[in-house]
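Peer 1: Sharing protein.cif (mmCIF, C-alpha atoms) below.
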data_final
#
loop_
_atom_site.label_atom_id
_atom_site.label_comp_id
_atom_site.auth_asym_id
_atom_site.auth_seq_id
_atom_site.Cartn_x
_atom_site.Cartn_y
_atom_site.Cartn_z
CA MET E 1 27.39 7.07 8.74
CA ARG E 2 28.03 10.23 6.77
CA ALA E 3 26.64 10.15 3.27
CA ARG E 4 29.20 10.42 0.49
CA ARG E 5 29.16 13.90 -1.04
CA VAL E 6 27.58 14.11 -4.49
CA LYS E 7 29.73 16.36 -6.59
CA GLY E 8 28.55 18.51 -9.44
CA LEU E 9 24.94 19.09 -8.43
CA ASP E 10 23.52 22.12 -10.19
CA PRO E 11 20.76 24.02 -8.37
CA ASP E 12 19.76 25.61 -11.66
CA GLY E 13 19.58 22.29 -13.50
CA THR E 14 16.67 19.94 -13.83
CA LEU E 15 15.38 17.66 -11.12
CA ALA E 16 16.10 14.49 -13.12
CA ASP E 17 19.68 15.37 -14.03
CA ASN E 18 20.54 16.14 -10.40
CA ALA E 19 18.61 13.19 -9.02
CA GLU E 20 20.37 10.85 -11.45
CA GLN E 21 23.73 11.85 -9.98
CA ILE E 22 22.48 11.32 -6.44
CA VAL E 23 21.00 7.90 -7.31
CA ARG E 24 24.29 6.76 -8.88
CA VAL E 25 26.32 7.76 -5.82
CA ARG E 26 23.82 6.27 -3.33
CA LEU E 27 23.62 3.02 -5.32
CA ASP E 28 27.40 2.77 -5.41
CA GLU E 29 27.49 3.42 -1.65
CA LEU E 30 24.97 0.63 -1.00
CA CYS E 31 26.70 -1.93 -3.21
CA GLY E 32 30.08 -0.96 -1.74
CA PHE E 33 29.20 -2.60 1.59
CA MET E 34 29.41 -6.02 -0.02
CA PRO E 35 31.21 -8.35 0.47
CA THR E 36 32.12 -6.90 3.90
CA ALA E 37 28.53 -7.06 5.13
CA ALA E 38 28.29 -10.70 4.06
CA ASP E 39 30.17 -11.50 7.28
CA PRO E 40 27.60 -11.81 10.09
CA ARG E 41 30.12 -10.39 12.59
CA GLU E 42 30.32 -7.10 10.68
CA VAL E 43 27.66 -5.41 12.78
CA VAL E 44 28.78 -1.87 11.91
CA ALA E 45 28.92 -2.56 8.16
CA LEU E 46 25.44 -4.10 8.28
CA HIS E 47 24.11 -1.07 10.13
CA ASP E 48 25.78 1.35 7.70
CA MET E 49 24.45 -0.64 4.76
CA ARG E 50 20.95 -0.19 6.15
CA ILE E 51 21.49 3.58 6.28
CA ALA E 52 22.79 3.51 2.70
CA ALA E 53 19.70 1.54 1.61
CA LYS E 54 17.47 4.07 3.35
CA ARG E 55 19.14 6.99 1.57
CA LEU E 56 18.81 5.29 -1.81
CA ARG E 57 15.21 4.38 -1.10
CA TYR E 58 14.27 7.96 -0.22
CA ILE E 59 15.81 9.52 -3.33
CA LEU E 60 14.05 6.86 -5.42
CA GLU E 61 10.72 7.41 -3.68
CA ILE E 62 10.88 11.12 -4.39
CA THR E 63 12.42 11.22 -7.85
CA GLY E 64 11.83 7.68 -9.18
CA PRO E 65 8.97 8.81 -11.45
CA CYS E 66 11.52 10.90 -13.40
CA PHE E 67 13.38 7.77 -14.52
CA GLY E 68 12.82 4.59 -16.47
CA PRO E 69 10.23 2.06 -15.26
CA TYR E 70 12.75 -0.12 -13.40
CA ALA E 71 13.23 2.67 -10.84
CA LYS E 72 9.86 1.78 -9.32
CA THR E 73 10.82 -1.89 -8.98
CA ALA E 74 14.18 -0.90 -7.51
CA THR E 75 12.47 1.27 -4.90
CA ARG E 76 10.59 -1.76 -3.62
CA LEU E 77 13.66 -4.00 -3.69
CA VAL E 78 15.82 -1.47 -1.85
CA LYS E 79 13.07 -1.12 0.77
CA ASP E 80 13.16 -4.92 1.23
CA VAL E 81 16.92 -4.69 1.85
CA GLN E 82 16.46 -1.80 4.28
CA ASP E 83 13.68 -3.58 6.20
CA LEU E 84 15.65 -6.80 6.56
CA LEU E 85 18.79 -4.99 7.66
CA GLY E 86 16.61 -3.04 10.10
CA GLU E 87 15.37 -6.27 11.68
CA ILE E 88 18.97 -7.51 11.96
CA HIS E 89 19.96 -4.20 13.55
CA ASP E 90 17.15 -4.49 16.10
CA CYS E 91 18.55 -7.89 17.13
CA ASP E 92 22.07 -6.42 17.31
CA VAL E 93 20.77 -3.74 19.68
CA GLN E 94 18.52 -6.01 21.75
CA ILE E 95 20.94 -8.92 22.25
CA PRO E 96 23.45 -6.91 24.34
CA GLU E 97 20.65 -4.96 26.04
CA THR E 98 18.96 -8.19 27.11
CA ALA E 99 22.29 -9.62 28.24
CA ALA E 100 22.89 -6.50 30.34
CA PHE E 101 19.39 -6.84 31.80
CA ALA E 102 20.03 -10.53 32.68
CA GLU E 103 23.31 -9.52 34.30
CA MET E 104 21.56 -6.80 36.29
CA LEU E 105 18.99 -9.31 37.64
CA GLN E 106 21.74 -11.78 38.57
CA VAL E 107 23.81 -9.15 40.34
CA ALA E 108 20.74 -7.99 42.29
CA ASP E 109 19.86 -11.58 43.27
CA ALA E 110 23.46 -12.34 44.28
CA ALA E 111 23.48 -9.30 46.54
CA ALA E 112 20.15 -10.32 48.11
CA LEU E 113 21.32 -13.94 48.64
CA TYR E 114 24.56 -12.77 50.21
CA GLN E 115 22.56 -10.61 52.57
CA ALA E 116 20.18 -13.48 53.37
CA ALA E 117 23.06 -15.89 54.09
CA GLY E 118 24.24 -13.70 56.92
CA SER E 119 27.09 -15.40 58.77
CA ALA E 120 26.45 -18.94 57.37
CA PRO E 121 29.62 -20.89 56.51
CA ASP E 122 28.29 -21.50 52.99
CA LEU E 123 25.33 -20.47 50.86
CA ASP E 124 22.29 -22.70 51.25
CA PRO E 125 20.82 -23.40 47.74
CA ALA E 126 17.36 -23.38 49.32
CA LEU E 127 17.72 -19.63 49.68
CA LEU E 128 17.50 -19.29 45.89
CA LYS E 129 13.70 -19.43 46.09
CA GLN E 130 13.80 -16.19 48.04
CA ALA E 131 15.88 -14.34 45.48
CA PRO E 132 13.88 -11.29 44.35
CA HIS E 133 14.20 -12.14 40.66
CA ALA E 134 14.08 -15.94 40.99
CA ARG E 135 11.02 -16.20 38.71
CA GLU E 136 12.42 -13.82 36.11
CA HIS E 137 15.69 -15.39 34.95
CA ALA E 138 14.12 -18.13 32.85
CA GLY E 139 12.08 -15.78 30.67
CA VAL E 140 15.05 -13.51 30.04
CA ALA E 141 17.21 -16.52 29.08
CA VAL E 142 14.51 -17.72 26.65
CA LEU E 143 14.35 -14.25 25.15
CA GLN E 144 18.13 -14.18 24.67
CA ALA E 145 18.03 -17.54 22.88
CA HIS E 146 15.17 -16.31 20.70
CA LEU E 147 17.00 -13.14 19.70
CA ARG E 148 20.21 -14.98 18.86
CA ALA E 149 18.38 -17.57 16.76
CA ARG E 150 16.35 -14.88 15.00
CA ARG E 151 19.49 -12.92 14.18
CA LEU E 152 21.06 -16.02 12.57
CA LEU E 153 17.92 -16.65 10.55
CA LEU E 154 17.50 -13.05 9.40
CA PHE E 155 21.12 -12.88 8.33
CA ASP E 156 20.61 -15.98 6.15
CA ARG E 157 17.56 -14.29 4.58
CA PHE E 158 19.59 -11.15 3.94
CA ILE E 159 22.32 -13.09 2.10
CA GLU E 160 19.67 -14.88 0.03
CA LEU E 161 17.97 -11.59 -0.80
CA TRP E 162 21.20 -9.86 -1.82
CA ASP E 163 22.29 -12.83 -3.96
CA ASP E 164 18.91 -12.72 -5.65
CA LEU E 165 19.20 -8.98 -6.32
CA GLU E 166 22.66 -9.48 -7.80
CA ARG E 167 21.38 -12.29 -10.02
CA LYS E 168 18.55 -10.06 -11.20
CA GLY E 169 21.01 -7.26 -11.97
CA LEU E 170 19.69 -4.60 -9.55
CA ARG E 171 22.72 -2.37 -9.93
CA ALA E 172 23.02 -2.43 -13.72
CA ARG E 173 19.29 -2.11 -14.27
CA LEU E 174 18.91 0.79 -11.86
CA GLU E 175 21.90 2.57 -13.38
CA TYR E 176 20.28 2.17 -16.79
CA ALA E 177 16.89 3.37 -15.53
CA ALA E 178 18.50 6.43 -13.90
CA GLY E 179 19.79 7.44 -17.32
CA GLU E 180 16.31 7.22 -18.86
CA ARG E 181 13.76 10.04 -18.62
CA ALA E 182 10.08 9.35 -18.09
CA ASP E 183 7.63 11.12 -20.34
CA VAL E 184 5.94 13.04 -17.53
CA HIS E 185 4.81 16.63 -17.70
CA PHE E 186 2.70 18.60 -15.27
CA GLU E 187 2.23 22.12 -14.07
CA PRO E 188 3.33 22.26 -10.44
CA GLN E 189 1.18 24.40 -8.17
CA ARG E 190 2.79 26.34 -5.38
CA MET A 1 0.49 4.64 9.61
CA ALA A 2 -0.18 7.96 7.94
CA LYS A 3 0.80 7.72 4.31
CA ALA A 4 2.95 10.50 2.91
CA GLN A 5 1.25 12.62 0.31
CA ASP A 6 2.15 11.54 -3.22
CA ILE A 7 4.09 14.33 -4.84
CA GLU A 8 4.13 14.53 -8.61
CA VAL A 9 7.50 15.20 -10.18
CA ALA A 10 8.59 15.69 -13.77
CA PRO A 11 12.12 15.13 -15.11
CA SER A 12 12.36 18.59 -16.62
CA GLU A 13 11.14 20.43 -13.54
CA PRO A 14 13.76 22.85 -12.21
CA TYR A 15 15.61 21.30 -9.24
CA ARG A 16 15.02 24.46 -7.19
CA GLN A 17 11.31 24.47 -7.86
CA ALA A 18 10.97 20.81 -6.85
CA ALA A 19 12.97 21.56 -3.69
CA ALA A 20 10.61 24.36 -2.65
CA ARG A 21 7.46 22.39 -3.43
CA ILE A 22 8.52 19.15 -1.77
CA VAL A 23 9.98 20.73 1.38
CA ARG A 24 6.71 22.65 1.92
CA VAL A 25 4.68 19.44 1.72
CA ARG A 26 6.97 17.36 3.92
CA ALA A 27 7.35 20.15 6.51
CA GLY A 28 3.56 20.43 6.67
CA GLU A 29 3.24 16.68 7.21
CA LEU A 30 5.75 16.77 10.07
CA PHE A 31 3.89 19.40 12.04
CA GLU A 32 0.43 18.01 11.21
CA SER A 33 1.50 14.72 12.79
CA ALA A 34 2.55 16.37 16.08
CA ASP A 35 -0.97 16.26 17.51
CA GLY A 36 -1.21 13.84 20.47
CA VAL A 37 2.32 12.56 19.93
CA LEU A 38 3.09 12.54 23.67
CA ASP A 39 0.23 10.14 24.41
CA THR A 40 1.98 6.83 25.20
CA ARG A 41 -1.31 4.92 24.85
CA ASP A 42 -1.27 5.44 21.08
CA ILE A 43 2.20 4.57 19.82
CA GLU A 44 1.24 5.06 16.17
CA ARG A 45 1.25 8.84 16.56
CA VAL A 46 4.90 9.04 17.45
CA HIS A 47 5.64 6.53 14.70
CA ASP A 48 3.87 8.70 12.12
CA MET A 49 5.74 11.80 13.25
CA ARG A 50 9.06 9.98 13.22
CA VAL A 51 8.45 8.75 9.68
CA ALA A 52 7.47 12.29 8.66
CA SER A 53 10.70 13.62 10.21
CA ARG A 54 12.76 11.08 8.30
CA ARG A 55 11.06 11.99 5.04
CA LEU A 56 11.63 15.67 5.66
CA ARG A 57 15.27 15.13 6.57
CA ALA A 58 15.73 13.06 3.42
CA VAL A 59 14.33 15.79 1.15
CA LEU A 60 16.43 18.45 2.89
CA GLU A 61 19.54 16.40 2.18
CA ILE A 62 18.54 15.62 -1.41
CA PHE A 63 17.88 19.27 -2.22
CA ALA A 64 20.65 20.74 -0.04
CA PRO A 65 22.40 22.63 -2.87
CA CYS A 66 19.21 24.64 -3.54
CA PHE A 67 19.13 26.33 -0.13
CA PRO A 68 21.14 29.22 1.33
CA GLN A 69 23.74 27.26 3.28
CA SER A 70 23.80 29.37 6.44
CA GLU A 71 20.06 28.92 7.10
CA PHE A 72 20.03 25.37 5.78
CA LYS A 73 22.58 24.05 8.27
CA GLY A 74 20.66 25.36 11.28
CA VAL A 75 17.32 24.03 10.02
CA LEU A 76 18.77 20.60 9.20
CA ARG A 77 20.37 20.42 12.66
CA ASP A 78 17.03 21.24 14.32
CA VAL A 79 15.17 18.67 12.22
CA LYS A 80 17.78 16.05 13.17
CA GLN A 81 17.41 16.89 16.86
CA LEU A 82 13.66 16.51 16.63
CA ALA A 83 14.07 13.22 14.75
CA ASP A 84 16.49 11.94 17.40
CA ALA A 85 14.03 12.83 20.16
CA LEU A 86 11.28 11.00 18.29
CA GLY A 87 13.62 8.00 18.10
CA GLU A 88 14.23 8.05 21.85
CA ARG A 89 10.49 7.69 22.41
CA ARG A 90 9.84 5.33 19.53
CA ASP A 91 12.56 2.74 20.26
CA PRO A 92 11.10 1.61 23.61
CA ASP A 93 7.59 1.71 22.08
CA VAL A 94 8.65 -0.81 19.44
CA HIS A 95 10.55 -2.96 21.90
CA ILE A 96 7.61 -3.10 24.34
CA ASP A 97 5.22 -3.99 21.53
CA ALA A 98 7.48 -6.80 20.30
CA LEU A 99 7.96 -8.20 23.81
CA ARG A 100 4.24 -8.24 24.45
CA SER A 101 3.67 -10.27 21.29
CA PHE A 102 6.59 -12.54 22.17
CA SER A 103 5.26 -13.07 25.70
CA LYS A 104 1.98 -14.43 24.36
CA THR A 105 3.85 -17.38 22.86
CA LEU A 106 5.71 -18.26 26.09
CA LEU A 107 5.09 -20.88 28.75
CA ALA A 108 3.65 -19.34 31.93
CA ALA A 109 6.94 -19.91 33.77
CA ASN A 110 8.80 -17.71 31.29
CA LYS A 111 6.41 -14.76 31.29
CA PRO A 112 7.55 -12.97 34.50
CA GLY A 113 11.05 -12.28 33.16
CA VAL A 114 9.71 -10.70 29.99
CA ALA A 115 7.15 -8.73 32.00
CA ARG A 116 10.00 -7.39 34.16
CA LEU A 117 11.88 -6.27 31.07
CA VAL A 118 8.74 -4.53 29.76
CA GLU A 119 8.48 -2.72 33.09
CA ASP A 120 12.07 -1.56 32.69
CA LEU A 121 11.34 -0.34 29.17
CA ARG A 122 8.31 1.60 30.42
CA ALA A 123 10.71 3.76 32.41
CA ARG A 124 12.76 4.38 29.25
CA GLN A 125 9.58 5.21 27.35
CA SER A 126 8.70 7.76 29.99
CA ASP A 127 12.19 9.30 29.81
CA GLY A 128 11.90 9.36 26.02
CA ASN A 129 8.59 11.18 26.30
CA GLU A 130 10.21 13.90 28.37
CA VAL A 131 13.00 14.27 25.82
CA LEU A 132 10.40 14.49 23.06
CA ALA A 133 8.30 17.06 24.93
CA ALA A 134 11.38 19.26 25.31
CA ALA A 135 12.31 18.82 21.63
CA LEU A 136 8.79 19.77 20.49
CA GLU A 137 8.86 22.87 22.66
CA ARG A 138 12.28 23.78 21.31
CA ALA A 139 11.11 23.34 17.71
CA GLN A 140 8.22 25.68 18.42
CA ASP A 141 10.36 28.25 20.24
CA ARG A 142 12.84 28.29 17.40
CA GLY A 143 10.09 28.62 14.78
CA LEU A 144 11.20 25.50 12.96
CA HIS A 145 8.11 25.26 10.74
CA GLU A 146 8.37 28.88 9.69
CA ARG A 147 12.10 28.54 9.04
CA LEU A 148 11.45 25.49 6.87
CA LEU A 149 8.90 27.44 4.84
CA ALA A 150 11.34 30.35 4.51
CA LEU A 151 13.99 27.89 3.32
CA ALA A 152 11.56 26.59 0.69
CA ASP A 153 10.80 30.15 -0.43
CA ALA A 154 14.52 30.87 -0.71
CA ALA A 155 15.01 27.84 -2.96
CA GLU A 156 12.33 28.95 -5.42
CA PRO A 157 13.69 30.01 -8.80
CA VAL A 158 13.56 33.72 -9.40
CA ALA A 159 10.75 34.70 -11.76
CA PRO A 160 12.04 36.46 -14.88
CA GLU A 161 11.74 40.20 -14.56
CA PRO A 162 8.92 41.60 -16.67
CA VAL A 163 9.97 43.91 -19.44
CA ALA A 164 9.82 47.42 -18.00
CA VAL A 165 7.66 49.84 -19.93
CA GLU A 166 9.65 52.99 -20.49
CA PRO A 167 7.43 55.91 -19.53
CA ASP A 168 7.22 58.54 -22.20
CA ALA A 169 9.37 61.38 -20.89
CA ALA A 170 7.18 63.85 -22.73
CA ALA A 171 4.00 62.57 -21.18
CA PRO A 172 2.59 64.88 -18.53
CA ASP A 173 1.99 62.06 -15.98
CA ALA A 174 5.46 60.47 -16.27
CA ALA A 175 6.14 61.12 -12.60
CA ALA A 176 2.74 59.94 -11.42
CA PRO A 177 2.77 57.41 -8.55
CA ASP A 178 1.44 54.53 -10.69
CA ALA A 179 4.55 54.71 -12.88
CA ALA A 180 6.28 52.73 -10.18
CA GLU A 181 4.03 49.70 -10.66
CA PRO A 182 6.19 47.79 -13.17
CA ASP A 183 9.05 47.81 -10.64
CA ALA A 184 6.76 46.59 -7.90
CA ALA A 185 5.65 43.73 -10.14
CA ALA A 186 9.27 42.73 -10.63
CA GLU A 187 9.74 42.12 -6.89
CA PRO A 188 10.00 38.48 -5.97
CA ALA A 189 7.09 37.00 -4.07
CA ALA A 190 7.22 37.63 -0.33
CA GLY A 191 10.10 35.68 1.12
CA GLY A 192 11.30 34.72 -2.36
CA ARG A 193 14.95 34.43 -3.26
CA ALA A 194 16.45 37.80 -4.04
CA PRO A 195 17.82 38.14 -7.56
CA ALA A 196 21.55 37.38 -7.62
#
Take the structure in the file and write it out as structure tokens.
Peer 2:
Amino acid sequence: MRARRVKGLDPDGTLADNAEQIVRVRLDELCGFMPTAADPREVVALHDMRIAAKRLRYILEITGPCFGPYAKTATRLVKDVQDLLGEIHDCDVQIPETAAFAEMLQVADAAALYQAAGSAPDLDPALLKQAPHAREHAGVAVLQAHLRARRLLLFDRFIELWDDLERKGLRARLEYAAGERADVHFEPQR
Amino acid sequence: MAKAQDIEVAPSEPYRQAAARIVRVRAGELFESADGVLDTRDIERVHDMRVASRRLRAVLEIFAPCFPQSEFKGVLRDVKQLADALGERRDPDVHIDALRSFSKTLLAANKPGVARLVEDLRARQSDGNEVLAAALERAQDRGLHERLLALADAAEPVAPEPVAVEPDAAAPDAAAPDAAEPDAAAEPAAGGRAPA
């Protein structure tokens, strides 16, 4: 997902004034994925929302100390969102990969059984024991069930987390904090 | 996991100055973490380098307006390519690790299927390692670290020119070689951004 362009950045301005603009755009980007990403079938929106959370998290990690105290809390909360969406994304990648792997084992076994049957009028079920992957199907099926169940569970946790962040006013509080300036001074060393 | 160095920032610090400072630190962290990264027995090394690449990429994007755009685009593209290669190695690492933990919880009858999948992922891990080895070599050949440091230097704000001392035209040593010193002092630091 391409990041939205932040207009009006001034290379000769201060760090905080530029970072504030970036934070506002990245926060708007993140929040803009809801309510679309509240649909568990919206795999792409969930993935893009994770990227948006990552971008917001990084700007906050680097420049958060320039802002009001809530920026530090927001950094942690946004990381929680990113981590949870990351776990969901892993399931979304692994579910089809595992399905493709199961299919590959079945196709290989079918070919071997066909070969073993030779000119028999029908396939003898007893031949199944000789299938090269006979002992492997069960574990892959269990893994598929595990991944699907985990994905459902993690999505529920994500909705709970986002609802909680909305109740706690993440967006409004971070916008306010981004407009504040911390009383920090130091002499940077090259 | 190697923790990123904490970098102090102040709200009033010039954006350009922060860009130069932070890119230098994050570029250093990326290349410091390259040691032993191709060793598949220690998956934390590639993880550390991948995290360092993400942090570097993030700061490049955050401070993009501070850099000369022609050089910036090429450097960002090379950092992305390295990060992608690190991902190709890291993804199977993570998957293998998760499957091993998962397998421990399974009934004996279910373990062979998961072991077979791990075997399959080992081949992907090996392919990923080759991609990473090529990307590391490419980064070195293209002088990525040096180009990152040059980019940081180019972002640095230009120091104000010192007030030139007008040599006394009547003085007998007005044309002496040391009269050129004030101009020399006004030069930007090596690699620094040329005055506009």
Peer 1: May I ask which of the residues E:Arg4, E:Arg55, E:His185, E:Arg157 is the closest one to Glu87 (chain E), counting only C-alpha atoms?
Peer 2: E:Arg157
Peer 1: Within 9 Å of Lys80 (chain A), counting only C-alpha atoms, which residues show up once you throw out same-chain ones fewer than 4 positions away? Write them as a list in words, please.
Peer 2: Ser53, Arg54, Arg57, Val75, Leu76, Asp84 and Ala85 of chain A
Peer 1: Which chain A residues are at most 10 Å from chain E (counting all atoms listed in the file), as a PyMOL selection string?
Peer 2: chain A and resi 6-22+24+54-55+57-59+61-67+91+94-95+99+102-103+106-117+120+155-157
Peer 1: Running the PyMOL selection byres ((chain A and resi 148) around 10) on this model by hand, what would come out? Give it as a list of chain:residue names.
Peer 2: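 This file, filtered by the PyMOL selection byres ((chain A and resi 148) around 10), leaves A:Ala20, A:Val23, A:Arg24, A:Arg26, A:Ala27, A:Gly28, A:Leu56, A:Leu60, A:Glu71, A:Phe72, A:Val75, A:Leu76, A:Val79, A:Gly143, A:Leu144, A:His145, A:Glu146, A:Arg147, A:Leu149, A:Ala150, A:Leu151, A:Ala152, A:Asp153, A:Ala154.
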Peer 1: Using all atoms listed in the file and a cutoff of 10 Å, can you tell me which residues are near (14.8, -11.5, 45.8) in the file's coordinates, and write them out as a PyMOL selection string?
Peer 2: chain E and resi 105+108-113+116+127-135
Peer 1: From the list A:Gln81, A:His47, A:Arg124, A:Ala98, which residue is nearest Leu147 (chain E) when using all atoms listed in the file?
Peer 2: A:Ala98
Peer 1: Mind giving me the straight-line distance from CA of Pro92 (chain A) to CA of Asp141 (chain A) in Å, one decimal?
Peer 2: 26.9 Å
Peer 1: Evaluated on this file, the PyMOL selection byres ((chain E and resi 73) around 12) picks out some residues - which ones are they, written as a ChimeraX atom specification?
Peer 2: /E:57,60-61,64-65,67-72,74-80,165,168-171,173-174,177
Peer 1: Can you write out the residues you just picked, keeping C-alpha atoms, as a PDB file, keeping the file's coordinate frame?
Peer 2:
ATOM      1  CA  ARG E  57      15.210   4.380  -1.100  1.00  0.00           C
ATOM      2  CA  LEU E  60      14.050   6.860  -5.420  1.00  0.00           C
ATOM      3  CA  GLU E  61      10.720   7.410  -3.680  1.00  0.00           C
ATOM      4  CA  GLY E  64      11.830   7.680  -9.180  1.00  0.00           C
ATOM      5  CA  PRO E  65       8.970   8.810 -11.450  1.00  0.00           C
ATOM      6  CA  PHE E  67      13.380   7.770 -14.520  1.00  0.00           C
ATOM      7  CA  GLY E  68      12.820   4.590 -16.470  1.00  0.00           C
ATOM      8  CA  PRO E  69      10.230   2.060 -15.260  1.00  0.00           C
ATOM      9  CA  TYR E  70      12.750  -0.120 -13.400  1.00  0.00           C
ATOM     10  CA  ALA E  71      13.230   2.670 -10.840  1.00  0.00           C
ATOM     11  CA  LYS E  72       9.860   1.780  -9.320  1.00  0.00           C
ATOM     12  CA  ALA E  74      14.180  -0.900  -7.510  1.00  0.00           C
ATOM     13  CA  THR E  75      12.470   1.270  -4.900  1.00  0.00           C
ATOM     14  CA  ARG E  76      10.590  -1.760  -3.620  1.00  0.00           C
ATOM     15  CA  LEU E  77      13.660  -4.000  -3.690  1.00  0.00           C
ATOM     16  CA  VAL E  78      15.820  -1.470  -1.850  1.00  0.00           C
ATOM     17  CA  LYS E  79      13.070  -1.120   0.770  1.00  0.00           C
ATOM     18  CA  ASP E  80      13.160  -4.920   1.230  1.00  0.00           C
ATOM     19  CA  LEU E 165      19.200  -8.980  -6.320  1.00  0.00           C
ATOM     20  CA  LYS E 168      18.550 -10.060 -11.200  1.00  0.00           C
ATOM     21  CA  GLY E 169      21.010  -7.260 -11.970  1.00  0.00           C
ATOM     22  CA  LEU E 170      19.690  -4.600  -9.550  1.00  0.00           C
ATOM     23  CA  ARG E 171      22.720  -2.370  -9.930  1.00  0.00           C
ATOM     24  CA  ARG E 173      19.290  -2.110 -14.270  1.00  0.00           C
ATOM     25  CA  LEU E 174      18.910   0.790 -11.860  1.00  0.00           C
ATOM     26  CA  ALA E 177      16.890   3.370 -15.530  1.00  0.00           C
TER      27      ALA E 177
END
Peer 1: Rounded to one decimal, what separation in Å do you get between CA of Ala45 (chain E) and CA of Leu30 (chain E)?
Peer 2: 10.5 Å
Peer 1: Residues within 12 Å of Ala134 (chain A), please, as number ranges by chain. Count all atoms listed in the file; anything in the same chain fewer than 4 positions from it doesn't count.
Peer 2: A: 38, 81-82, 84-86, 89, 127-130, 138-141
Peer 1: What's the separation between CA of Pro40 (chain E) and CA of Trp162 (chain E), in Å to one decimal place?
Peer 2: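 Value for the CA of Pro40 (chain E)-CA of Trp162 (chain E) distance: 13.7 Å.
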Peer 1: Could you list, as a list in words, every residue within 12 Å of Asp35 (chain A), counting all atoms listed in the file and ignoring same-chain residues fewer than 6 positions away?
Peer 2: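 Neighbouring residues, sequence-local ones excluded: Glu29, Asp42, Glu44, Arg45, Val46, Asp48, Met49, Ala133 and Leu136 of chain A.
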